[in-house]
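J.: Input coords.pdb, format and content: PDB, C-alpha atoms, pLDDT in the B column.
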```pdb
ATOM      1  CA  MET A1398      21.003  21.520  -4.682  1.00 78.00           C
ATOM      2  CA  GLU A1399      19.872  24.059  -7.265  1.00 90.00           C
ATOM      3  CA  TYR A1400      17.699  23.084 -10.217  1.00 94.00           C
ATOM      4  CA  THR A1401      16.637  25.060 -13.275  1.00 96.00           C
ATOM      5  CA  ASP A1402      12.974  25.846 -13.933  1.00 96.00           C
ATOM      6  CA  PHE A1403      13.130  23.436 -16.867  1.00 97.00           C
ATOM      7  CA  GLU A1404      14.513  20.626 -14.671  1.00 97.00           C
ATOM      8  CA  ILE A1405      11.738  21.217 -12.111  1.00 95.00           C
ATOM      9  CA  LYS A1406       9.142  20.998 -14.882  1.00 95.00           C
ATOM     10  CA  CYS A1407      10.705  17.720 -16.055  1.00 96.00           C
ATOM     11  CA  PHE A1408      10.902  16.354 -12.502  1.00 96.00           C
ATOM     12  CA  ASP A1409       7.209  17.040 -11.926  1.00 93.00           C
ATOM     13  CA  TYR A1410       6.400  15.312 -15.207  1.00 93.00           C
ATOM     14  CA  LEU A1411       8.609  12.339 -14.269  1.00 94.00           C
ATOM     15  CA  GLU A1412       6.807  11.980 -10.946  1.00 91.00           C
ATOM     16  CA  ARG A1413       3.425  11.939 -12.693  1.00 89.00           C
ATOM     17  CA  LEU A1414       4.801   9.417 -15.188  1.00 90.00           C
ATOM     18  CA  ARG A1415       6.092   7.246 -12.337  1.00 89.00           C
ATOM     19  CA  GLN A1416       2.737   7.339 -10.578  1.00 88.00           C
ATOM     20  CA  SER A1417       0.911   6.424 -13.776  1.00 85.00           C
ATOM     21  CA  GLY A1418       2.801   3.151 -14.093  1.00 85.00           C
ATOM     22  CA  VAL A1419       2.905   3.635 -17.871  1.00 84.00           C
ATOM     23  CA  THR A1420       6.599   2.742 -17.991  1.00 88.00           C
ATOM     24  CA  ASN A1421       9.442   1.553 -15.840  1.00 91.00           C
ATOM     25  CA  MET A1422      11.366   4.711 -15.016  1.00 94.00           C
ATOM     26  CA  PHE A1423      14.534   3.307 -16.577  1.00 94.00           C
ATOM     27  CA  GLY A1424      12.583   3.615 -19.841  1.00 93.00           C
ATOM     28  CA  ALA A1425      11.450   7.209 -19.266  1.00 94.00           C
ATOM     29  CA  CYS A1426      13.903   8.942 -21.632  1.00 94.00           C
ATOM     30  CA  PRO A1427      11.740   8.583 -24.763  1.00 93.00           C
ATOM     31  CA  TYR A1428       8.813  10.100 -22.862  1.00 92.00           C
ATOM     32  CA  LEU A1429      10.905  13.109 -21.809  1.00 94.00           C
ATOM     33  CA  GLU A1430      12.272  13.484 -25.332  1.00 94.00           C
ATOM     34  CA  ARG A1431       8.792  13.592 -26.851  1.00 91.00           C
ATOM     35  CA  ARG A1432       7.129  15.665 -24.142  1.00 91.00           C
ATOM     36  CA  PHE A1433       9.794  18.369 -23.972  1.00 93.00           C
ATOM     37  CA  LYS A1434      11.317  18.059 -27.459  1.00 93.00           C
ATOM     38  CA  ILE A1435      14.806  17.446 -26.109  1.00 95.00           C
ATOM     39  CA  THR A1436      17.647  15.181 -27.183  1.00 96.00           C
ATOM     40  CA  HIS A1437      18.254  11.740 -25.763  1.00 95.00           C
ATOM     41  CA  LYS A1438      21.348  13.074 -23.974  1.00 97.00           C
ATOM     42  CA  GLU A1439      19.369  15.897 -22.356  1.00 97.00           C
ATOM     43  CA  ALA A1440      16.615  13.489 -21.315  1.00 97.00           C
ATOM     44  CA  SER A1441      19.163  11.065 -19.901  1.00 97.00           C
ATOM     45  CA  ASP A1442      20.832  13.833 -17.889  1.00 97.00           C
ATOM     46  CA  VAL A1443      17.505  15.016 -16.424  1.00 97.00           C
ATOM     47  CA  LEU A1444      16.374  11.471 -15.647  1.00 97.00           C
ATOM     48  CA  SER A1445      19.705  10.644 -13.979  1.00 97.00           C
ATOM     49  CA  LYS A1446      19.505  13.781 -11.837  1.00 97.00           C
ATOM     50  CA  TRP A1447      15.902  12.920 -10.882  1.00 96.00           C
ATOM     51  CA  MET A1448      16.870   9.365  -9.918  1.00 96.00           C
ATOM     52  CA  ARG A1449      19.980  10.357  -7.942  1.00 96.00           C
ATOM     53  CA  ASN A1450      18.170  13.062  -5.992  1.00 95.00           C
ATOM     54  CA  TYR A1451      14.648  11.648  -5.857  1.00 93.00           C
ATOM     55  CA  GLU A1452      14.048  11.837  -2.096  1.00 92.00           C
ATOM     56  CA  GLY A1453      15.295  15.413  -1.850  1.00 93.00           C
ATOM     57  CA  ILE A1454      13.325  16.520  -4.904  1.00 93.00           C
ATOM     58  CA  LYS A1455      10.207  14.792  -3.576  1.00 91.00           C
ATOM     59  CA  LYS A1456      10.470  16.730  -0.299  1.00 90.00           C
ATOM     60  CA  MET A1457      11.254  19.994  -2.060  1.00 91.00           C
ATOM     61  CA  ARG A1458       8.270  19.637  -4.435  1.00 91.00           C
ATOM     62  CA  ASN A1459       5.943  18.176  -1.777  1.00 88.00           C
ATOM     63  CA  TRP A1460       4.600  15.567  -4.192  1.00 84.00           C
ATOM     64  CA  THR A1461       1.543  13.529  -3.306  1.00 78.00           C
ATOM     65  CA  GLU A1462       0.471  10.163  -4.649  1.00 78.00           C
ATOM     66  CA  GLU A1463      -2.369  11.836  -6.544  1.00 79.00           C
ATOM     67  CA  MET A1464      -0.647  13.524  -9.467  1.00 76.00           C
ATOM     68  CA  PRO A1465      -2.031  11.813 -12.573  1.00 72.00           C
ATOM     69  CA  LEU A1466      -0.736  12.515 -16.037  1.00 75.00           C
ATOM     70  CA  THR A1467      -2.874  15.039 -17.821  1.00 72.00           C
ATOM     71  CA  TYR A1468      -4.446  14.331 -21.193  1.00 68.00           C
ATOM     72  CA  GLN A1469      -2.057  16.937 -22.610  1.00 74.00           C
ATOM     73  CA  ASP A1470       0.950  15.065 -21.173  1.00 73.00           C
ATOM     74  CA  ILE A1471      -0.274  11.802 -22.624  1.00 70.00           C
ATOM     75  CA  ARG A1472      -0.869  13.283 -26.080  1.00 69.00           C
ATOM     76  CA  LYS A1473       2.567  14.912 -26.115  1.00 72.00           C
ATOM     77  CA  SER A1474       4.667  12.111 -24.662  1.00 72.00           C
ATOM     78  CA  ILE A1475       3.321   8.573 -24.976  1.00 65.00           C
ATOM     79  CA  PRO A1476       5.196   6.988 -27.881  1.00 59.00           C
ATOM     80  CA  VAL A1477       1.993   6.109 -29.737  1.00 53.00           C
ATOM     81  CA  TYR A1478       0.035   8.462 -31.948  1.00 47.00           C
ATOM     82  CA  LEU A1479      -3.287   8.913 -30.211  1.00 45.00           C
ATOM     83  CA  ASP A1480      -5.527  10.856 -32.603  1.00 50.00           C
ATOM     84  CA  GLU A1481      -7.863   7.851 -32.652  1.00 49.00           C
ATOM     85  CA  TRP A1482      -8.904   8.803 -29.115  1.00 48.00           C
ATOM     86  CA  ASP A1483     -10.482  11.993 -30.391  1.00 49.00           C
ATOM     87  CA  ASP A1484     -12.505  10.029 -32.950  1.00 48.00           C
ATOM     88  CA  ASP A1485     -13.777   7.594 -30.313  1.00 46.00           C
ATOM     89  CA  GLU A1486     -15.498  10.382 -28.406  1.00 47.00           C
ATOM     90  CA  ASP A1487     -17.811  11.053 -31.346  1.00 47.00           C
ATOM     91  CA  GLU A1488     -18.866   7.450 -31.873  1.00 46.00           C
ATOM     92  CA  GLU A1489     -21.987   5.986 -30.324  1.00 47.00           C
ATOM     93  CA  ASP A1490     -22.197   2.393 -29.069  1.00 42.00           C
TER      94      ASP A1490
END
```
Take the structure I supplied and represent it as structure tokens, if you would.

T.:
Amino acid sequence: MEYTDFEIKCFDYLERLRQSGVTNMFGACPYLERRFKITHKEASDVLSKWMRNYEGIKKMRNWTEEMPLTYQDIRKSIPVYLDEWDDDEDEED
């Protein structure tokens, strides 16, 4: 099966999201929407394709179980505004 570069980017993100355990993958659409600035319909289509073809995509991408979400991914996709994290780094105990 052929995938676009954008779909591959989303699939890699979805795998990192899955490994993080941040959300059940049935609830991944809002994360895709925020991370890639796409509509709910687009996110749903990508997620459905990822779920239907997971084993084949996993082989094609050669994913490992050590693909954590990056700080950038978290800041751009988790449905909570996280600027407080930046402030915490400056505080002393």

J.: Go through A:Asn1459, A:Tyr1400, A:Trp1447, A:Ile1405 one by one, measure the shortest atom-to-atom distance of each to Ala1425 of chain A using all atoms listed in the file, and give the residue with the smallest value.

T.: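 With all atoms listed in the file as the atom set, the closest residue is A:Trp1447.
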
J.: With distances taken over all atoms listed in the file, which residue among A:Lys1473, A:Leu1444, A:Leu1466, A:Glu1404 lies nearest Val1419 of chain A?

T.: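 Ranking A:Lys1473, A:Leu1444, A:Leu1466, A:Glu1404 by distance to Val1419 of chain A, first place goes to A:Leu1466.
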
J.: Could you give me the centre and size, in Å to one decimal, of an axis-aligned box around all listed atoms of segment 1458-1474 of chain A with 4 Å added on every side, as JSON?

T.:
```
{"center_x": 1.9, "center_y": 14.9, "center_z": -13.9, "size_x": 20.7, "size_y": 17.5, "size_z": 32.3}
```

J.: Care to translate the PyMOL selection byres ((chain A and resi 1413) around 10) into actual residues of this file, as a list of chain:residue names?

T.: A:Cys1407, A:Phe1408, A:Asp1409, A:Tyr1410, A:Leu1411, A:Glu1412, A:Leu1414, A:Arg1415, A:Gln1416, A:Ser1417, A:Gly1418, A:Val1419, A:Trp1460, A:Thr1461, A:Glu1462, A:Glu1463, A:Met1464, A:Pro1465, A:Leu1466, A:Thr1467, A:Asp1470

J.: Which is closer to Met1448 of chain A than all the others in A:Phe1423, A:Tyr1428, A:Phe1403, A:Phe1433, using all atoms listed in the file?

T.: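 For Met1448 of chain A, the nearest of the candidates is A:Phe1423.
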
J.: In Å, with one decimal, what is the gap from atom CA of Thr1436 of chain A to atom CA of Arg1458 of chain A?

T.: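 Straight-line distance from atom CA of Thr1436 of chain A to atom CA of Arg1458 of chain A works out to 25.0 Å.
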
J.: For segment 1421-1453 of chain A, supply N, CA and C atoms and format the output as a PDB file, in the coordinates of the input.

T.:
```pdb
ATOM      1  N   ASN A1421       8.390   1.642 -16.837  1.00 91.00           N
ATOM      2  CA  ASN A1421       9.442   1.553 -15.840  1.00 91.00           C
ATOM      3  C   ASN A1421      10.276   2.815 -15.999  1.00 91.00           C
ATOM      4  N   MET A1422      10.685   3.427 -14.922  1.00 94.00           N
ATOM      5  CA  MET A1422      11.366   4.711 -15.016  1.00 94.00           C
ATOM      6  C   MET A1422      12.726   4.615 -15.712  1.00 94.00           C
ATOM      7  N   PHE A1423      13.302   3.457 -15.800  1.00 94.00           N
ATOM      8  CA  PHE A1423      14.534   3.307 -16.577  1.00 94.00           C
ATOM      9  C   PHE A1423      14.248   3.485 -18.073  1.00 94.00           C
ATOM     10  N   GLY A1424      12.990   3.412 -18.452  1.00 93.00           N
ATOM     11  CA  GLY A1424      12.583   3.615 -19.841  1.00 93.00           C
ATOM     12  C   GLY A1424      11.913   4.959 -20.076  1.00 93.00           C
ATOM     13  N   ALA A1425      12.152   5.924 -19.190  1.00 94.00           N
ATOM     14  CA  ALA A1425      11.450   7.209 -19.266  1.00 94.00           C
ATOM     15  C   ALA A1425      12.059   8.201 -20.259  1.00 94.00           C
ATOM     16  N   CYS A1426      13.267   7.974 -20.718  1.00 94.00           N
ATOM     17  CA  CYS A1426      13.903   8.942 -21.632  1.00 94.00           C
ATOM     18  C   CYS A1426      13.066   9.253 -22.872  1.00 94.00           C
ATOM     19  N   PRO A1427      12.544   8.260 -23.572  1.00 93.00           N
ATOM     20  CA  PRO A1427      11.740   8.583 -24.763  1.00 93.00           C
ATOM     21  C   PRO A1427      10.524   9.455 -24.446  1.00 93.00           C
ATOM     22  N   TYR A1428       9.956   9.288 -23.267  1.00 92.00           N
ATOM     23  CA  TYR A1428       8.813  10.100 -22.862  1.00 92.00           C
ATOM     24  C   TYR A1428       9.243  11.547 -22.657  1.00 92.00           C
ATOM     25  N   LEU A1429      10.374  11.753 -21.990  1.00 94.00           N
ATOM     26  CA  LEU A1429      10.905  13.109 -21.809  1.00 94.00           C
ATOM     27  C   LEU A1429      11.243  13.752 -23.146  1.00 94.00           C
ATOM     28  N   GLU A1430      11.880  12.964 -24.016  1.00 94.00           N
ATOM     29  CA  GLU A1430      12.272  13.484 -25.332  1.00 94.00           C
ATOM     30  C   GLU A1430      11.054  13.997 -26.091  1.00 94.00           C
ATOM     31  N   ARG A1431       9.988  13.215 -26.100  1.00 91.00           N
ATOM     32  CA  ARG A1431       8.792  13.592 -26.851  1.00 91.00           C
ATOM     33  C   ARG A1431       8.041  14.737 -26.175  1.00 91.00           C
ATOM     34  N   ARG A1432       7.922  14.653 -24.863  1.00 91.00           N
ATOM     35  CA  ARG A1432       7.129  15.665 -24.142  1.00 91.00           C
ATOM     36  C   ARG A1432       7.780  17.041 -24.195  1.00 91.00           C
ATOM     37  N   PHE A1433       9.111  17.080 -24.068  1.00 93.00           N
ATOM     38  CA  PHE A1433       9.794  18.369 -23.972  1.00 93.00           C
ATOM     39  C   PHE A1433      10.641  18.706 -25.197  1.00 93.00           C
ATOM     40  N   LYS A1434      10.570  17.836 -26.216  1.00 93.00           N
ATOM     41  CA  LYS A1434      11.317  18.059 -27.459  1.00 93.00           C
ATOM     42  C   LYS A1434      12.803  18.305 -27.187  1.00 93.00           C
ATOM     43  N   ILE A1435      13.390  17.367 -26.442  1.00 95.00           N
ATOM     44  CA  ILE A1435      14.806  17.446 -26.109  1.00 95.00           C
ATOM     45  C   ILE A1435      15.529  16.221 -26.659  1.00 95.00           C
ATOM     46  N   THR A1436      16.847  16.295 -26.680  1.00 96.00           N
ATOM     47  CA  THR A1436      17.647  15.181 -27.183  1.00 96.00           C
ATOM     48  C   THR A1436      17.679  14.042 -26.179  1.00 96.00           C
ATOM     49  N   HIS A1437      18.120  12.884 -26.658  1.00 95.00           N
ATOM     50  CA  HIS A1437      18.254  11.740 -25.763  1.00 95.00           C
ATOM     51  C   HIS A1437      19.248  12.044 -24.646  1.00 95.00           C
ATOM     52  N   LYS A1438      20.328  12.715 -24.974  1.00 97.00           N
ATOM     53  CA  LYS A1438      21.348  13.074 -23.974  1.00 97.00           C
ATOM     54  C   LYS A1438      20.754  13.986 -22.902  1.00 97.00           C
ATOM     55  N   GLU A1439      19.995  14.989 -23.320  1.00 97.00           N
ATOM     56  CA  GLU A1439      19.369  15.897 -22.356  1.00 97.00           C
ATOM     57  C   GLU A1439      18.377  15.141 -21.468  1.00 97.00           C
ATOM     58  N   ALA A1440      17.583  14.278 -22.074  1.00 97.00           N
ATOM     59  CA  ALA A1440      16.615  13.489 -21.315  1.00 97.00           C
ATOM     60  C   ALA A1440      17.320  12.580 -20.323  1.00 97.00           C
ATOM     61  N   SER A1441      18.392  11.953 -20.764  1.00 97.00           N
ATOM     62  CA  SER A1441      19.163  11.065 -19.901  1.00 97.00           C
ATOM     63  C   SER A1441      19.756  11.821 -18.714  1.00 97.00           C
ATOM     64  N   ASP A1442      20.257  13.016 -18.968  1.00 97.00           N
ATOM     65  CA  ASP A1442      20.832  13.833 -17.889  1.00 97.00           C
ATOM     66  C   ASP A1442      19.769  14.211 -16.859  1.00 97.00           C
ATOM     67  N   VAL A1443      18.592  14.638 -17.330  1.00 97.00           N
ATOM     68  CA  VAL A1443      17.505  15.016 -16.424  1.00 97.00           C
ATOM     69  C   VAL A1443      17.033  13.805 -15.635  1.00 97.00           C
ATOM     70  N   LEU A1444      16.836  12.685 -16.314  1.00 97.00           N
ATOM     71  CA  LEU A1444      16.374  11.471 -15.647  1.00 97.00           C
ATOM     72  C   LEU A1444      17.384  11.013 -14.601  1.00 97.00           C
ATOM     73  N   SER A1445      18.659  11.048 -14.934  1.00 97.00           N
ATOM     74  CA  SER A1445      19.705  10.644 -13.979  1.00 97.00           C
ATOM     75  C   SER A1445      19.685  11.536 -12.743  1.00 97.00           C
ATOM     76  N   LYS A1446      19.545  12.832 -12.961  1.00 97.00           N
ATOM     77  CA  LYS A1446      19.505  13.781 -11.837  1.00 97.00           C
ATOM     78  C   LYS A1446      18.279  13.503 -10.969  1.00 97.00           C
ATOM     79  N   TRP A1447      17.134  13.235 -11.619  1.00 96.00           N
ATOM     80  CA  TRP A1447      15.902  12.920 -10.882  1.00 96.00           C
ATOM     81  C   TRP A1447      16.082  11.651 -10.047  1.00 96.00           C
ATOM     82  N   MET A1448      16.682  10.629 -10.633  1.00 96.00           N
ATOM     83  CA  MET A1448      16.870   9.365  -9.918  1.00 96.00           C
ATOM     84  C   MET A1448      17.849   9.513  -8.756  1.00 96.00           C
ATOM     85  N   ARG A1449      18.955  10.207  -8.989  1.00 96.00           N
ATOM     86  CA  ARG A1449      19.980  10.357  -7.942  1.00 96.00           C
ATOM     87  C   ARG A1449      19.480  11.187  -6.761  1.00 96.00           C
ATOM     88  N   ASN A1450      18.600  12.112  -7.023  1.00 95.00           N
ATOM     89  CA  ASN A1450      18.170  13.062  -5.992  1.00 95.00           C
ATOM     90  C   ASN A1450      16.688  12.946  -5.666  1.00 95.00           C
ATOM     91  N   TYR A1451      16.099  11.804  -5.944  1.00 93.00           N
ATOM     92  CA  TYR A1451      14.648  11.648  -5.857  1.00 93.00           C
ATOM     93  C   TYR A1451      14.075  12.068  -4.502  1.00 93.00           C
ATOM     94  N   GLU A1452      14.625  11.546  -3.416  1.00 92.00           N
ATOM     95  CA  GLU A1452      14.048  11.837  -2.096  1.00 92.00           C
ATOM     96  C   GLU A1452      14.096  13.329  -1.776  1.00 92.00           C
ATOM     97  N   GLY A1453      15.184  13.979  -2.096  1.00 93.00           N
ATOM     98  CA  GLY A1453      15.295  15.413  -1.850  1.00 93.00           C
ATOM     99  C   GLY A1453      14.350  16.219  -2.717  1.00 93.00           C
TER     100      GLY A1453
END
```
